[in-house]
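Okay, start.txt now, which holds compact mmCIF, C-alpha atoms:
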```txt
# COMPACT_ATOMS: atom_id res chain seq x y z
CA MET A 1 -195.36 -118.48 2.89
CA LYS A 2 -193.98 -119.82 -0.37
CA LYS A 3 -192.76 -123.39 -0.44
CA ILE A 4 -189.75 -124.88 -2.22
CA VAL A 5 -188.60 -128.48 -2.47
CA LEU A 6 -184.86 -129.03 -2.90
CA THR A 7 -183.60 -132.31 -4.30
CA GLY A 8 -180.32 -133.86 -5.35
CA GLY A 9 -178.09 -136.59 -4.04
CA GLY A 10 -175.86 -139.56 -4.55
CA THR A 11 -172.69 -137.54 -3.88
CA ALA A 12 -171.88 -134.51 -1.72
CA GLY A 13 -171.52 -132.45 -4.90
CA HIS A 14 -175.23 -132.90 -5.54
CA VAL A 15 -176.09 -131.60 -2.07
CA THR A 16 -173.71 -128.83 -0.99
CA PRO A 17 -174.94 -126.30 -3.61
CA ASN A 18 -178.46 -126.77 -2.25
CA ILE A 19 -177.12 -126.16 1.24
CA ALA A 20 -175.47 -122.97 -0.02
CA LEU A 21 -178.88 -121.66 -1.10
CA LEU A 22 -180.52 -122.15 2.31
CA PRO A 23 -179.71 -118.75 3.92
CA SER A 24 -181.03 -116.83 0.89
CA LEU A 25 -184.16 -118.99 0.69
CA GLU A 26 -184.87 -118.45 4.37
CA ASN A 27 -184.26 -114.70 4.08
CA ALA A 28 -186.71 -114.62 1.16
CA GLY A 29 -189.34 -116.30 3.33
CA PHE A 30 -189.43 -119.74 1.73
CA GLU A 31 -190.49 -122.85 3.60
CA VAL A 32 -187.90 -125.45 2.58
CA THR A 33 -188.29 -129.23 2.35
CA TYR A 34 -185.65 -131.64 1.08
CA MET A 35 -186.41 -134.78 -0.93
CA GLY A 36 -183.77 -137.46 -1.31
CA SER A 37 -183.18 -141.18 -0.97
CA TYR A 38 -184.10 -143.06 2.16
CA ASP A 39 -180.59 -143.19 3.57
CA GLY A 40 -178.15 -141.64 1.07
CA ILE A 41 -175.42 -139.09 1.73
CA GLU A 42 -177.95 -136.29 1.18
CA LYS A 43 -179.91 -137.39 4.24
CA ARG A 44 -176.80 -137.32 6.43
CA LEU A 45 -175.75 -133.88 5.17
CA ILE A 46 -179.22 -132.35 5.51
CA ASP A 47 -179.65 -133.67 9.06
CA ASP A 48 -177.32 -130.88 10.25
CA PHE A 49 -179.79 -128.19 9.09
CA ASN A 50 -183.01 -129.32 10.80
CA LEU A 51 -184.95 -129.32 7.53
CA PRO A 52 -187.98 -131.51 6.90
CA TYR A 53 -186.68 -134.48 4.91
CA VAL A 54 -188.75 -136.78 2.71
CA GLY A 55 -187.14 -140.04 1.63
CA ILE A 56 -188.16 -141.85 -1.53
CA SER A 57 -187.13 -145.01 -3.36
CA THR A 58 -184.36 -144.51 -5.90
CA GLY A 59 -182.56 -146.42 -8.61
CA LYS A 60 -179.37 -145.60 -10.44
CA PHE A 61 -179.23 -144.94 -14.18
CA ARG A 62 -176.31 -146.84 -15.69
CA ARG A 63 -174.81 -146.91 -19.15
CA TYR A 64 -173.12 -150.24 -18.46
CA LEU A 65 -174.33 -153.81 -17.95
CA ASP A 66 -175.32 -154.57 -14.38
CA LEU A 67 -177.89 -156.92 -12.87
CA LYS A 68 -179.39 -153.96 -11.00
CA ASN A 69 -180.42 -152.50 -14.36
CA PHE A 70 -183.28 -155.01 -14.24
CA THR A 71 -184.51 -154.03 -10.77
CA ASP A 72 -183.70 -150.32 -10.46
CA PRO A 73 -186.39 -149.18 -12.94
CA PHE A 74 -188.98 -150.53 -10.52
CA ARG A 75 -187.36 -148.56 -7.69
CA VAL A 76 -187.53 -145.42 -9.83
CA ILE A 77 -191.22 -146.05 -10.58
CA LYS A 78 -191.86 -146.49 -6.87
CA GLY A 79 -189.93 -143.28 -6.16
CA PHE A 80 -191.99 -141.43 -8.75
CA SER A 81 -195.21 -142.57 -7.04
CA GLU A 82 -193.91 -141.60 -3.59
CA ALA A 83 -192.72 -138.20 -4.83
CA LYS A 84 -195.97 -137.50 -6.64
CA LYS A 85 -198.06 -138.37 -3.58
CA PHE A 86 -196.04 -136.04 -1.35
CA LEU A 87 -195.89 -133.19 -3.87
CA LYS A 88 -199.63 -133.42 -4.56
CA ASP A 89 -200.35 -132.99 -0.85
CA TYR A 90 -197.62 -130.45 -0.10
CA ARG A 91 -198.04 -128.33 -3.27
CA PRO A 92 -194.70 -126.51 -3.34
CA ASP A 93 -194.43 -123.39 -5.47
CA VAL A 94 -191.19 -124.55 -7.10
CA ILE A 95 -188.68 -127.41 -7.16
CA PHE A 96 -184.92 -126.85 -7.38
CA SER A 97 -182.84 -129.86 -8.35
CA LYS A 98 -179.08 -130.23 -8.13
CA GLY A 99 -179.13 -133.52 -10.02
CA GLY A 100 -178.11 -137.06 -9.28
CA PHE A 101 -180.30 -140.09 -9.82
CA VAL A 102 -182.55 -139.33 -6.83
CA SER A 103 -183.72 -136.11 -8.49
CA VAL A 104 -185.32 -137.79 -11.52
CA PRO A 105 -188.54 -139.06 -9.88
CA VAL A 106 -188.92 -135.78 -7.96
CA VAL A 107 -188.56 -133.52 -11.01
CA ARG A 108 -190.66 -135.71 -13.29
CA ALA A 109 -193.39 -136.05 -10.64
CA GLY A 110 -193.38 -132.31 -9.99
CA ALA A 111 -193.65 -131.50 -13.68
CA SER A 112 -196.58 -133.91 -14.05
CA LEU A 113 -198.38 -131.85 -11.39
CA GLY A 114 -197.57 -128.54 -13.07
CA ILE A 115 -195.01 -127.50 -10.45
CA PRO A 116 -192.23 -125.41 -12.06
CA CYS A 117 -188.80 -127.03 -11.82
CA ILE A 118 -185.33 -125.51 -12.05
CA ILE A 119 -182.41 -127.87 -12.45
CA HIS A 120 -178.68 -127.26 -12.17
CA GLU A 121 -175.96 -129.04 -14.13
CA SER A 122 -172.50 -128.82 -12.59
CA ASP A 123 -170.38 -130.41 -15.29
CA MET A 124 -169.59 -129.30 -18.81
CA THR A 125 -171.85 -131.94 -20.36
CA PRO A 126 -175.18 -132.91 -18.78
CA GLY A 127 -175.25 -136.17 -16.85
CA LEU A 128 -177.83 -138.83 -17.62
CA ALA A 129 -180.14 -137.89 -14.74
CA ASN A 130 -180.31 -134.27 -15.85
CA LYS A 131 -180.78 -135.29 -19.48
CA ILE A 132 -183.96 -137.07 -18.39
CA CYS A 133 -185.12 -133.97 -16.50
CA ILE A 134 -184.24 -131.21 -19.00
CA PRO A 135 -187.33 -131.71 -21.21
CA VAL A 136 -189.69 -130.91 -18.31
CA ALA A 137 -187.62 -128.22 -16.56
CA ARG A 138 -188.49 -124.54 -16.86
CA LYS A 139 -184.87 -123.40 -16.47
CA VAL A 140 -181.52 -125.21 -16.62
CA CYS A 141 -178.63 -123.58 -14.77
CA CYS A 142 -175.04 -124.39 -15.65
CA ASN A 143 -171.46 -123.64 -14.64
CA PHE A 144 -169.65 -123.35 -17.97
CA PRO A 145 -170.18 -121.12 -21.01
CA GLU A 146 -169.59 -124.15 -23.24
CA THR A 147 -172.60 -125.93 -21.70
CA LEU A 148 -175.05 -123.31 -22.97
CA LYS A 149 -174.89 -124.64 -26.53
CA LEU A 150 -175.81 -128.15 -25.28
CA LEU A 151 -179.04 -126.94 -23.66
CA PRO A 152 -182.35 -125.57 -25.01
CA ALA A 153 -181.66 -121.87 -25.59
CA GLU A 154 -184.90 -120.73 -23.96
CA LYS A 155 -184.07 -122.64 -20.75
CA ALA A 156 -180.30 -122.27 -20.36
CA VAL A 157 -178.85 -119.83 -17.82
CA LEU A 158 -175.15 -119.46 -16.98
CA THR A 159 -175.15 -119.14 -13.19
CA GLY A 160 -172.05 -120.82 -11.82
CA SER A 161 -172.46 -123.03 -8.76
CA PRO A 162 -173.87 -121.85 -5.42
CA ILE A 163 -171.01 -121.63 -2.95
CA ARG A 164 -171.38 -121.63 0.84
CA SER A 165 -170.91 -118.04 1.95
CA GLU A 166 -168.91 -119.07 5.02
CA LEU A 167 -166.05 -120.25 2.79
CA ALA A 168 -165.30 -116.59 2.10
CA GLN A 169 -165.31 -115.71 5.80
CA GLY A 170 -162.17 -117.51 6.90
CA ASN A 171 -159.38 -116.07 9.00
CA ARG A 172 -155.86 -116.34 7.57
CA LEU A 173 -154.19 -116.13 10.96
CA SER A 174 -156.38 -118.94 12.32
CA GLY A 175 -155.37 -121.12 9.40
CA LEU A 176 -151.68 -120.38 9.90
CA ASN A 177 -151.93 -121.11 13.63
CA MET A 178 -153.80 -124.35 12.98
CA CYS A 179 -151.00 -125.56 10.70
CA GLY A 180 -148.12 -124.07 12.66
CA PHE A 181 -147.07 -122.02 9.62
CA SER A 182 -145.21 -118.73 9.30
CA ALA A 183 -146.97 -115.63 8.01
CA ASN A 184 -143.90 -114.75 5.92
CA LYS A 185 -143.90 -117.67 3.48
CA PRO A 186 -146.59 -118.43 0.84
CA VAL A 187 -148.90 -121.40 1.33
CA ILE A 188 -150.02 -124.07 -1.14
CA MET A 189 -153.24 -125.94 -0.35
CA VAL A 190 -153.60 -129.41 -1.90
CA ILE A 191 -157.10 -130.89 -2.21
CA GLY A 192 -157.53 -134.44 -3.49
CA GLY A 193 -161.23 -134.83 -2.68
CA SER A 194 -162.90 -136.63 0.25
CA GLN A 195 -161.39 -139.97 -0.83
CA GLY A 196 -158.03 -138.48 -1.67
CA ALA A 197 -156.19 -138.83 -4.97
CA ALA A 198 -153.33 -141.31 -4.77
CA ASN A 199 -151.38 -140.03 -7.78
CA VAL A 200 -151.75 -136.38 -6.75
CA ASN A 201 -150.74 -137.20 -3.19
CA LYS A 202 -147.64 -139.04 -4.40
CA ALA A 203 -146.61 -136.28 -6.80
CA VAL A 204 -146.92 -133.62 -4.11
CA ARG A 205 -144.97 -135.67 -1.57
CA ASP A 206 -142.25 -136.50 -4.08
CA ALA A 207 -141.93 -132.76 -4.78
CA LEU A 208 -141.68 -131.70 -1.13
CA PRO A 209 -137.89 -131.23 -1.08
CA GLN A 210 -138.13 -128.67 -3.90
CA LEU A 211 -141.44 -127.05 -2.96
CA LEU A 212 -140.74 -126.56 0.75
CA THR A 213 -137.80 -124.34 -0.11
CA ASP A 214 -140.20 -121.61 -1.22
CA PHE A 215 -143.63 -122.66 0.10
CA GLN A 216 -145.52 -124.13 3.03
CA ILE A 217 -148.01 -126.86 2.15
CA VAL A 218 -151.29 -127.93 3.76
CA HIS A 219 -152.43 -131.22 2.27
CA LEU A 220 -156.01 -132.54 2.51
CA CYS A 221 -155.07 -136.05 1.49
CA GLY A 222 -158.22 -138.11 2.13
CA LYS A 223 -159.33 -140.77 4.57
CA ASP A 224 -156.50 -143.07 5.70
CA LYS A 225 -154.08 -141.31 3.30
CA VAL A 226 -151.86 -139.53 5.85
CA ASP A 227 -148.18 -140.44 5.43
CA ASN A 228 -146.91 -141.04 8.96
CA LEU A 229 -143.29 -140.80 7.85
CA LEU A 230 -143.86 -137.14 6.96
CA LEU A 231 -145.69 -136.06 10.13
CA ASN A 232 -142.74 -134.06 11.46
CA THR A 233 -141.76 -132.42 8.18
CA ALA A 234 -141.36 -128.68 8.75
CA GLY A 235 -143.71 -126.57 6.65
CA TYR A 236 -145.90 -129.55 5.64
CA ARG A 237 -149.18 -130.35 7.38
CA GLN A 238 -151.54 -133.21 6.48
CA PHE A 239 -155.22 -133.69 7.25
CA GLU A 240 -157.52 -136.50 6.15
CA TYR A 241 -160.49 -134.16 5.93
CA ILE A 242 -161.42 -130.70 7.19
CA LYS A 243 -164.92 -129.39 7.76
CA ALA A 244 -165.49 -126.25 9.86
CA GLU A 245 -161.92 -124.96 9.55
CA LEU A 246 -161.83 -125.26 5.75
CA LYS A 247 -162.63 -121.56 5.42
CA ASP A 248 -159.52 -120.67 7.41
CA LEU A 249 -157.32 -122.90 5.25
CA PHE A 250 -158.71 -121.25 2.13
CA ALA A 251 -158.08 -117.82 3.65
CA MET A 252 -154.38 -118.57 4.19
CA ALA A 253 -153.81 -120.34 0.84
CA ASP A 254 -151.99 -118.40 -1.86
CA LEU A 255 -152.23 -121.24 -4.39
CA VAL A 256 -154.33 -124.40 -4.64
CA ILE A 257 -153.63 -127.75 -6.28
CA SER A 258 -156.87 -129.64 -6.84
CA ARG A 259 -158.80 -132.23 -8.77
CA ALA A 260 -161.31 -130.70 -11.21
CA GLY A 261 -164.70 -131.65 -9.81
CA ALA A 262 -167.22 -128.99 -10.76
CA ASN A 263 -168.11 -127.83 -7.26
CA ALA A 264 -164.50 -127.81 -6.09
CA ILE A 265 -163.33 -125.62 -8.96
CA CYS A 266 -166.31 -123.30 -8.64
CA GLU A 267 -165.26 -122.73 -5.03
CA LEU A 268 -161.79 -121.79 -6.27
CA LEU A 269 -163.37 -119.39 -8.76
CA ALA A 270 -165.59 -117.77 -6.14
CA LEU A 271 -162.64 -117.37 -3.76
CA LYS A 272 -160.33 -116.19 -6.60
CA LYS A 273 -157.63 -118.72 -5.73
CA PRO A 274 -154.96 -119.22 -8.42
CA ASN A 275 -154.87 -122.94 -9.01
CA ILE A 276 -153.38 -125.96 -10.70
CA LEU A 277 -155.97 -128.56 -11.73
CA ILE A 278 -155.08 -132.23 -12.10
CA PRO A 279 -158.32 -133.72 -13.47
CA LEU A 280 -159.38 -137.29 -12.94
CA PRO A 281 -158.42 -139.12 -16.14
CA ALA A 282 -161.04 -140.42 -18.58
CA ALA A 283 -160.20 -144.03 -17.69
CA SER A 284 -161.46 -143.38 -14.14
CA SER A 285 -164.54 -141.27 -14.99
CA ARG A 286 -166.87 -140.19 -17.77
CA GLY A 287 -164.31 -137.51 -18.63
CA ASP A 288 -166.18 -134.60 -17.05
CA GLN A 289 -163.20 -133.41 -14.99
CA LEU A 290 -161.07 -133.17 -18.11
CA LEU A 291 -163.71 -130.99 -19.76
CA ASN A 292 -164.17 -128.88 -16.62
CA ALA A 293 -160.43 -128.26 -16.40
CA LYS A 294 -160.16 -127.43 -20.09
CA SER A 295 -162.87 -124.78 -19.72
CA PHE A 296 -161.19 -123.17 -16.71
CA GLU A 297 -157.86 -123.20 -18.51
CA SER A 298 -159.34 -121.55 -21.62
CA GLN A 299 -160.96 -118.85 -19.46
CA GLY A 300 -157.63 -118.08 -17.81
CA PHE A 301 -158.63 -119.35 -14.36
CA SER A 302 -156.30 -122.34 -14.05
CA ILE A 303 -153.16 -124.16 -15.10
CA VAL A 304 -153.94 -127.77 -16.02
CA ILE A 305 -151.69 -130.81 -15.70
CA ASN A 306 -153.03 -134.08 -17.09
CA GLU A 307 -152.42 -136.93 -14.68
CA ASP A 308 -150.70 -138.99 -17.39
CA ASP A 309 -148.11 -136.20 -17.74
CA LEU A 310 -147.64 -135.62 -14.01
CA THR A 311 -144.02 -135.67 -12.83
CA THR A 312 -142.20 -134.09 -9.93
CA GLU A 313 -140.34 -131.71 -12.23
CA LEU A 314 -143.46 -130.62 -14.10
CA LEU A 315 -145.40 -130.01 -10.89
CA VAL A 316 -142.61 -127.91 -9.39
CA ASP A 317 -142.26 -125.87 -12.60
CA LYS A 318 -146.00 -125.22 -12.84
CA VAL A 319 -146.24 -124.21 -9.18
CA HIS A 320 -143.57 -121.57 -9.68
CA GLU A 321 -145.16 -120.42 -12.95
CA LEU A 322 -148.52 -120.04 -11.20
CA TYR A 323 -147.08 -118.18 -8.23
CA PHE A 324 -145.23 -115.60 -10.30
CA SER A 325 -148.27 -114.94 -12.52
CA ARG A 326 -150.90 -115.32 -9.78
CA GLN A 327 -152.36 -111.84 -10.21
CA THR A 328 -153.15 -112.55 -13.86
CA PHE A 329 -155.27 -115.52 -12.77
CA ARG A 330 -157.00 -113.50 -10.05
CA ASP A 331 -157.86 -110.77 -12.56
CA ALA A 332 -159.39 -113.30 -14.97
CA MET A 333 -161.51 -114.82 -12.19
CA ASN A 334 -162.57 -111.40 -10.98
CA ASP A 335 -163.92 -110.61 -14.46
CA SER A 336 -165.90 -113.85 -14.69
CA GLY A 337 -169.67 -113.82 -15.22
CA GLN A 338 -170.05 -116.87 -12.97
CA MET A 339 -169.44 -115.11 -9.66
CA ASP A 340 -172.95 -114.25 -8.48
CA SER A 341 -174.58 -117.65 -8.70
CA ILE A 342 -176.81 -117.51 -5.62
CA LYS A 343 -178.25 -114.12 -6.60
CA THR A 344 -178.89 -115.32 -10.18
CA ILE A 345 -180.55 -118.56 -9.05
CA MET A 346 -182.67 -116.75 -6.45
CA THR A 347 -183.89 -114.40 -9.19
CA LEU A 348 -184.98 -117.41 -11.27
CA ILE A 349 -186.76 -118.96 -8.27
CA GLN A 350 -188.57 -115.72 -7.46
CA GLU A 351 -189.60 -115.18 -11.07
CA LEU A 352 -191.21 -118.61 -11.21
CA THR A 353 -193.04 -118.10 -7.91
CA ALA A 354 -194.19 -114.52 -8.47
```
For the structure just supplied, provide its representation as structure tokens.
Amino acid sequence: MKKIVLTGGGTAGHVTPNIALLPSLENAGFEVTYMGSYDGIEKRLIDDFNLPYVGISTGKFRRYLDLKNFTDPFRVIKGFSEAKKFLKDYRPDVIFSKGGFVSVPVVRAGASLGIPCIIHESDMTPGLANKICIPVARKVCCNFPETLKLLPAEKAVLTGSPIRSELAQGNRLSGLNMCGFSANKPVIMVIGGSQGAANVNKAVRDALPQLLTDFQIVHLCGKDKVDNLLLNTAGYRQFEYIKAELKDLFAMADLVISRAGANAICELLALKKPNILIPLPAASSRGDQLLNAKSFESQGFSIVINEDDLTTELLVDKVHELYFSRQTFRDAMNDSGQMDSIKTIMTLIQELTA
């Protein structure tokens, strides 16, 4: 049986694409082991899948001044030693990395042992962890056509992001029943991310009087972000977070309003959901969401509203614009070359283990 080590962590976005690959890896006969930090989010997420999990020491790579910059290099060195010891004994046929700081010692240790490594970059521009890994990787997968020119030509492959197959298996009626919605009125789904997005939440709620005339709205507003004053508003349903039923909410949604995190928007692409993206502004990030949104807009997949420009009137106008031209957006997404990511990545894995 062939062996593969999956790695990636620090955020859910560095783990869920690996999880999406699991059914195909198992069907192809791979023995799968996950390497991550001792107790990071990746460990909690992987616990649900009964996979062997190997924890290693990790340190974060920062571009800003922090006292931990003096201690974290030693944690990374320790992690490299731990990863190398395990990989030398286990001898996997291939490593697949979804990025994040925990992946650096795993990929670099694997490469030092001659184990082929494939890495995946979600955002338009490679993050620091992946920049450190690219020189030793055999292949570098990416989500955006624009990213190809930033990568070594002989390594770069446009794959899109692996998306959990169950997201496409939702039941519209179950979603409508869960929210208490009518089947005769279109539905907007609002996703602010696991922590919510205060400005997006406010803009949507301020626009409810206008939007609820024509739409029903399900709002995933983030932990502790439910507005109790709006609990009994007809046609508006709030949830802090949804897990198993998310597929049903996607199935009933006609339009989506979302942040522009790479994995979130790749899910919208895979599900062909016409969408409005409100990217996290540069002041609150390294600017990757702005670039992600710009790419999706230029490819005809999305309408983009910059948070600095966000008003009730603009949001209402753009929602109506999106709804009346929704088929144009679906057609553009249907013609995308980023739709078959799992199949493309599995082909790369099998080629390197043949």
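Computed from the coordinates, the CA of Ala264 in chain A to CA of Leu280 in chain A distance equals 12.8 Å.
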Taking only residues of range 218-306 of chain A that have an atom at most 9 Å from an atom of range 328-343 of chain A, what is each one's shortest atom pair and its distance in Å to one decimal, using all atoms listed in the file, in chain and number order, as a Markdown table?
```
| residue | atom | partner | partner_atom | distance |
| --- | --- | --- | --- | --- |
| A:Cys266 | CA | A:Gln338 | CA | 8.6 |
| A:Leu269 | CA | A:Met333 | CA | 6.0 |
| A:Ala270 | CA | A:Met339 | CA | 5.9 |
| A:Leu271 | CA | A:Met333 | CA | 8.9 |
| A:Lys272 | CA | A:Arg330 | CA | 5.5 |
| A:Lys273 | CA | A:Arg330 | CA | 6.8 |
| A:Pro274 | CA | A:Phe329 | CA | 5.7 |
| A:Asn275 | CA | A:Phe329 | CA | 8.3 |
| A:Gln299 | CA | A:Ala332 | CA | 7.3 |
| A:Gly300 | CA | A:Ala332 | CA | 5.8 |
| A:Phe301 | CA | A:Phe329 | CA | 5.3 |
| A:Ser302 | CA | A:Phe329 | CA | 7.0 |
```
I need the chosen residues saved as a compact mmCIF listing (two decimals), in the frame of the given file, with C-alpha atoms.
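Below is the file that was written, selection32.txt:
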```
# COMPACT_ATOMS: atom_id res chain seq x y z
CA CYS A 266 -166.31 -123.30 -8.64
CA LEU A 269 -163.37 -119.39 -8.76
CA ALA A 270 -165.59 -117.77 -6.14
CA LEU A 271 -162.64 -117.37 -3.76
CA LYS A 272 -160.33 -116.19 -6.60
CA LYS A 273 -157.63 -118.72 -5.73
CA PRO A 274 -154.96 -119.22 -8.42
CA ASN A 275 -154.87 -122.94 -9.01
CA GLN A 299 -160.96 -118.85 -19.46
CA GLY A 300 -157.63 -118.08 -17.81
CA PHE A 301 -158.63 -119.35 -14.36
CA SER A 302 -156.30 -122.34 -14.05
```
Given 6 Å of margin on each side, can you work out the centre and size in Å (one decimal) of an axis-aligned box holding every listed atom of range 143-146 of chain A, as JSON?
```
{"center_x": -170.5, "center_y": -122.6, "center_z": -18.9, "size_x": 13.9, "size_y": 15.0, "size_z": 20.6}
```
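Distances to Gly287 in chain A were evaluated for A:Thr312, A:Thr125, A:Val106, A:Lys98 using only C-alpha atoms, and the minimum falls at A:Thr125.
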Report the closest atom pair, with its distance in Å rounded to one decimal, for each residue of range 284-350 of chain A that has an atom no farther than 8 Å from range 134-146 of chain A; count only C-alpha atoms, sort by chain and then rising residue number, and write it as JSON lines.
```
{"residue": "A:Asn292", "atom": "CA", "partner": "A:Phe144", "partner_atom": "CA", "distance": 7.9}
{"residue": "A:Ser295", "atom": "CA", "partner": "A:Phe144", "partner_atom": "CA", "distance": 7.1}
{"residue": "A:Gln338", "atom": "CA", "partner": "A:Asn143", "partner_atom": "CA", "distance": 7.1}
{"residue": "A:Ile345", "atom": "CA", "partner": "A:Cys141", "partner_atom": "CA", "distance": 7.8}
{"residue": "A:Leu348", "atom": "CA", "partner": "A:Lys139", "partner_atom": "CA", "distance": 7.9}
```
Output for the residues just chosen: C-alpha atoms as a compact mmCIF listing (two decimals), keeping the file's coordinate frame:
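Saved to again-v9.txt:
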```txt
# COMPACT_ATOMS: atom_id res chain seq x y z
CA ASN A 292 -164.17 -128.88 -16.62
CA SER A 295 -162.87 -124.78 -19.72
CA GLN A 338 -170.05 -116.87 -12.97
CA ILE A 345 -180.55 -118.56 -9.05
CA LEU A 348 -184.98 -117.41 -11.27
```
Range 108-111 of chain A surroundings by all atoms listed in the file, 7 Å radius, close-in-sequence under 4 positions cut, as a list in words: Phe80, Ala83, Lys84, Leu87, Val104, Ile115, Pro116, Cys117, Cys133 and Val136 of chain A
